[in-house]
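Coordinates as given in input.csv (CSV, C-alpha atoms):
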chain,number,residue,atom,x,y,z
A,267,MET,CA,-11.6,-206.8,98.5
A,268,LYS,CA,-14.9,-205.7,97.1
A,269,LEU,CA,-15.5,-204.9,93.4
A,270,SER,CA,-18.1,-202.3,92.5
A,271,ASP,CA,-21.4,-203.3,90.9
A,272,SER,CA,-20.1,-201.4,87.8
A,273,VAL,CA,-17.2,-203.8,87.5
A,274,TRP,CA,-19.4,-206.9,88.0
A,275,GLY,CA,-21.9,-205.5,85.6
A,276,LEU,CA,-19.3,-205.0,82.9
A,277,LEU,CA,-17.9,-208.5,83.4
A,278,CYS,CA,-21.4,-210.0,83.1
A,279,ILE,CA,-22.1,-208.0,79.9
A,280,VAL,CA,-18.7,-209.1,78.4
A,281,PHE,CA,-19.3,-212.7,79.3
A,282,GLY,CA,-22.9,-212.7,78.0
A,283,ALA,CA,-21.9,-211.1,74.8
A,284,ALA,CA,-19.0,-213.6,74.3
A,285,VAL,CA,-21.4,-216.5,74.8
A,286,LEU,CA,-24.0,-214.9,72.4
A,287,LEU,CA,-21.2,-214.5,69.8
A,288,HIS,CA,-20.0,-218.1,70.3
A,289,ILE,CA,-23.5,-219.7,70.0
A,290,GLN,CA,-23.8,-218.3,66.5
A,291,THR,CA,-21.4,-221.1,65.5
A,292,PHE,CA,-23.7,-223.8,66.8
A,293,PRO,CA,-25.4,-225.9,64.1
A,294,ALA,CA,-29.1,-225.7,63.5
A,295,MET,CA,-31.2,-228.8,64.2
A,296,PRO,CA,-32.9,-230.0,61.1
A,297,GLY,CA,-36.7,-230.0,61.3
A,298,GLN,CA,-36.8,-228.1,64.7
A,299,LYS,CA,-37.4,-224.5,65.5
A,300,TYR,CA,-35.1,-224.7,68.5
A,301,GLY,CA,-31.5,-225.8,68.4
A,302,PRO,CA,-28.6,-226.3,70.8
A,303,ALA,CA,-28.0,-222.5,71.0
A,304,VAL,CA,-31.4,-221.7,72.6
A,305,PHE,CA,-30.7,-222.5,76.2
A,306,PRO,CA,-27.2,-221.0,76.3
A,307,GLY,CA,-28.6,-218.0,74.4
A,308,LEU,CA,-31.3,-217.4,77.1
A,309,ILE,CA,-28.8,-217.6,79.9
A,310,ALA,CA,-26.3,-215.3,78.1
A,311,SER,CA,-29.1,-212.8,77.4
A,312,GLY,CA,-29.9,-212.9,81.1
A,313,PHE,CA,-26.3,-212.2,81.9
A,314,VAL,CA,-26.3,-209.2,79.6
A,315,ILE,CA,-29.5,-207.8,81.1
A,316,CYS,CA,-28.4,-208.3,84.7
A,317,GLY,CA,-25.0,-206.8,83.8
A,318,LEU,CA,-26.7,-203.7,82.4
A,319,LEU,CA,-28.7,-203.4,85.6
A,320,LEU,CA,-25.6,-203.8,87.8
A,321,LEU,CA,-23.7,-201.3,85.7
A,322,ALA,CA,-26.5,-198.7,86.0
A,323,ARG,CA,-26.7,-199.3,89.7
A,324,GLY,CA,-23.0,-199.0,90.2
A,325,ILE,CA,-22.8,-195.8,88.2
A,326,LYS,CA,-25.7,-194.4,90.2
A,327,ALA,CA,-24.1,-195.3,93.5
A,328,LYS,CA,-20.7,-193.7,92.7
A,329,HIS,CA,-18.7,-196.1,94.8
A,330,ALA,CA,-15.0,-196.8,94.3
A,331,LEU,CA,-14.3,-199.6,91.7
A,332,LEU,CA,-12.3,-201.5,94.3
A,333,GLU,CA,-12.4,-201.5,98.1
A,334,TRP,CA,-10.2,-203.5,100.4
A,335,MET,CA,-12.2,-205.2,103.1
A,336,ASP,CA,-11.1,-205.5,106.7
A,337,TRP,CA,-10.3,-209.3,106.4
A,338,THR,CA,-7.5,-208.5,103.9
A,339,ARG,CA,-5.5,-206.9,106.8
A,340,SER,CA,-5.6,-210.1,108.8
A,341,HIS,CA,-2.7,-212.5,108.1
A,342,THR,CA,-4.7,-215.5,109.2
A,343,HIS,CA,-7.6,-214.8,106.9
A,344,VAL,CA,-5.3,-214.1,103.9
A,345,LEU,CA,-3.5,-217.4,104.6
A,346,GLN,CA,-6.8,-219.3,104.8
A,347,PHE,CA,-7.9,-217.7,101.5
A,348,PHE,CA,-4.7,-218.7,99.7
A,349,ALA,CA,-4.9,-222.2,101.4
A,350,LEU,CA,-8.3,-222.7,99.7
A,351,ILE,CA,-6.8,-221.9,96.3
A,352,ALA,CA,-3.8,-224.1,97.1
A,353,ALA,CA,-6.1,-227.0,98.0
A,354,MET,CA,-7.9,-226.7,94.6
A,355,VAL,CA,-4.6,-226.6,92.8
A,356,PHE,CA,-3.4,-229.6,94.8
A,357,TYR,CA,-6.5,-231.5,93.8
A,358,ILE,CA,-6.1,-230.6,90.1
A,359,VAL,CA,-2.4,-231.7,90.1
A,360,ALA,CA,-2.6,-234.7,92.5
A,361,SER,CA,-6.0,-236.3,91.8
A,362,GLU,CA,-4.9,-238.3,88.8
A,363,PRO,CA,-1.7,-239.8,90.3
A,364,LEU,CA,-3.0,-240.2,93.8
A,365,GLY,CA,-6.7,-240.7,93.2
A,366,PHE,CA,-9.8,-238.9,94.4
A,367,LEU,CA,-10.0,-240.6,97.8
A,368,ILE,CA,-6.5,-239.8,98.9
A,369,THR,CA,-6.3,-236.3,97.4
A,370,SER,CA,-9.7,-235.3,98.7
A,371,ALA,CA,-9.0,-236.6,102.2
A,372,LEU,CA,-5.6,-234.9,102.4
A,373,ALA,CA,-7.0,-231.6,101.1
A,374,LEU,CA,-10.0,-231.6,103.4
A,375,PHE,CA,-7.8,-232.6,106.4
A,376,GLY,CA,-5.3,-229.8,105.8
A,377,LEU,CA,-8.0,-227.2,105.4
A,378,PHE,CA,-9.9,-228.4,108.5
A,379,VAL,CA,-6.7,-228.2,110.6
A,380,LEU,CA,-5.8,-224.8,109.2
A,381,PHE,CA,-9.3,-223.5,110.0
A,382,GLY,CA,-9.0,-224.6,113.6
A,383,VAL,CA,-10.6,-228.1,113.8
A,384,ARG,CA,-8.9,-230.5,116.2
A,385,VAL,CA,-6.7,-233.0,114.4
A,386,LYS,CA,-8.6,-236.2,115.4
A,387,LEU,CA,-11.9,-234.6,114.5
A,388,ALA,CA,-10.5,-233.2,111.3
A,389,ALA,CA,-9.3,-236.6,110.2
A,390,VAL,CA,-12.6,-238.3,110.9
A,391,ILE,CA,-14.6,-235.6,109.1
A,392,ALA,CA,-12.3,-235.6,106.2
A,393,ILE,CA,-12.6,-239.3,105.7
A,394,ILE,CA,-16.4,-239.4,106.2
A,395,ALA,CA,-16.9,-236.4,103.8
A,396,THR,CA,-14.6,-237.9,101.2
A,397,LEU,CA,-16.4,-241.3,101.3
A,398,THR,CA,-19.8,-239.6,101.2
A,399,ILE,CA,-18.8,-237.4,98.2
A,400,HIS,CA,-17.3,-240.4,96.5
A,401,PHE,CA,-20.4,-242.5,97.0
A,402,LEU,CA,-22.7,-239.7,95.7
A,403,PHE,CA,-20.7,-238.8,92.7
A,404,TYR,CA,-19.1,-242.2,91.7
A,405,LYS,CA,-21.9,-244.6,92.6
A,406,ILE,CA,-25.1,-242.6,92.4
A,407,MET,CA,-24.4,-240.0,89.6
A,408,ARG,CA,-21.8,-242.2,87.9
A,409,VAL,CA,-19.2,-239.5,87.6
A,410,PRO,CA,-15.8,-241.1,86.8
A,411,LEU,CA,-13.5,-240.1,89.6
A,412,PRO,CA,-9.8,-241.0,89.4
A,413,TRP,CA,-8.6,-244.0,91.4
A,414,GLY,CA,-4.8,-243.2,91.1
A,415,ILE,CA,-2.7,-245.5,93.1
A,416,LEU,CA,-5.8,-247.3,94.4
A,417,THR,CA,-6.8,-248.5,90.9
A,418,GLY,CA,-6.7,-252.2,92.1
A,419,TRP,CA,-9.1,-251.4,94.9
A,420,ALA,CA,-11.8,-249.8,92.6
A,421,TRP,CA,-15.3,-250.8,93.7

Would you mind giving the structure from this file in structure tokens?
Amino acid sequence: MKLSDSVWGLLCIVFGAAVLLHIQTFPAMPGQKYGPAVFPGLIASGFVICGLLLLARGIKAKHALLEWMDWTRSHTHVLQFFALIAAMVFYIVASEPLGFLITSALALFGLFVLFGVRVKLAAVIAIIATLTIHFLFYKIMRVPLPWGILTGWAW
């Protein structure tokens, strides 16, 4: 499925405008010219400008607002697409009770197998990737990842 530049432009304009409206509620910083709304305001302004450019380009191109791509006719590709979404939902639901390590390894393993990786290789890569991501986020960046049922094993 492909959305026209007009649709994306309109979405960018709406998002940017919503952020610009919301940052008006941010408090001013006493004694400073720049407050907490400056950076989000610059980004939101960029969204509005880019959205206007996309909208103009889409109107000029006169394409359909929505086009179905060839992959949407393939049952395998559609299944893989929805499996990615299911894996994200699985992580959101299961990461607290099971913990990051178990949830991530299971989700990656399932996706690898679904995408055609051999089972043994999928298991090895899922475990190595999970441990690497855990190390980078938990140890180096100090992001608190859930331990779940492995709470006693936290390191």

Taking a cut-off of 10 Å and counting only C-alpha atoms, can you build a table that, for each residue of region 280-377 of chain A near region 408-417 of chain A, reports the nearest atom pair and how far apart they are in Å (one decimal), sorted by chain then residue number, as a Markdown table?
| residue | atom | partner | partner_atom | distance |
| --- | --- | --- | --- | --- |
| A:Ala360 | CA | A:Gly414 | CA | 8.9 |
| A:Ser361 | CA | A:Pro412 | CA | 6.5 |
| A:Glu362 | CA | A:Gly414 | CA | 5.4 |
| A:Pro363 | CA | A:Gly414 | CA | 4.7 |
| A:Leu364 | CA | A:Gly414 | CA | 4.4 |
| A:Gly365 | CA | A:Gly414 | CA | 3.8 |
| A:Phe366 | CA | A:Pro412 | CA | 5.4 |
| A:Leu367 | CA | A:Trp413 | CA | 7.4 |
| A:Ile368 | CA | A:Gly414 | CA | 8.7 |
| A:Thr369 | CA | A:Gly414 | CA | 9.5 |

- CA of Gly324 (chain A) and CA of Trp274 (chain A) are how many Å apart? 9.0 Å

Region 381-398 of chain A: which residues within 8 Å, counting only C-alpha atoms, same-chain residues fewer than 4 positions away excluded, as a PDB file with C-alpha atoms, keeping the file's coordinate frame?
ATOM      1  CA  GLN A 346      -6.800-219.300 104.800  1.00  0.00           C
ATOM      2  CA  LEU A 367     -10.000-240.600  97.800  1.00  0.00           C
ATOM      3  CA  SER A 370      -9.700-235.300  98.700  1.00  0.00           C
ATOM      4  CA  ALA A 371      -9.000-236.600 102.200  1.00  0.00           C
ATOM      5  CA  LEU A 372      -5.600-234.900 102.400  1.00  0.00           C
ATOM      6  CA  LEU A 374     -10.000-231.600 103.400  1.00  0.00           C
ATOM      7  CA  PHE A 375      -7.800-232.600 106.400  1.00  0.00           C
ATOM      8  CA  LEU A 377      -8.000-227.200 105.400  1.00  0.00           C
ATOM      9  CA  LEU A 402     -22.700-239.700  95.700  1.00  0.00           C
TER      10      LEU A 402
END

- Task: May I ask for the distance between CA of Phe378 (chain A) and CA of Met335 (chain A), given in Å to one decimal place?
- Result: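 One can read the CA of Phe378 (chain A) to CA of Met335 (chain A) distance as 23.9 Å.
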
- Could you state the separation of CA of Gly275 (chain A) and CA of Cys316 (chain A) in Å, given to one decimal place? 7.1 Å
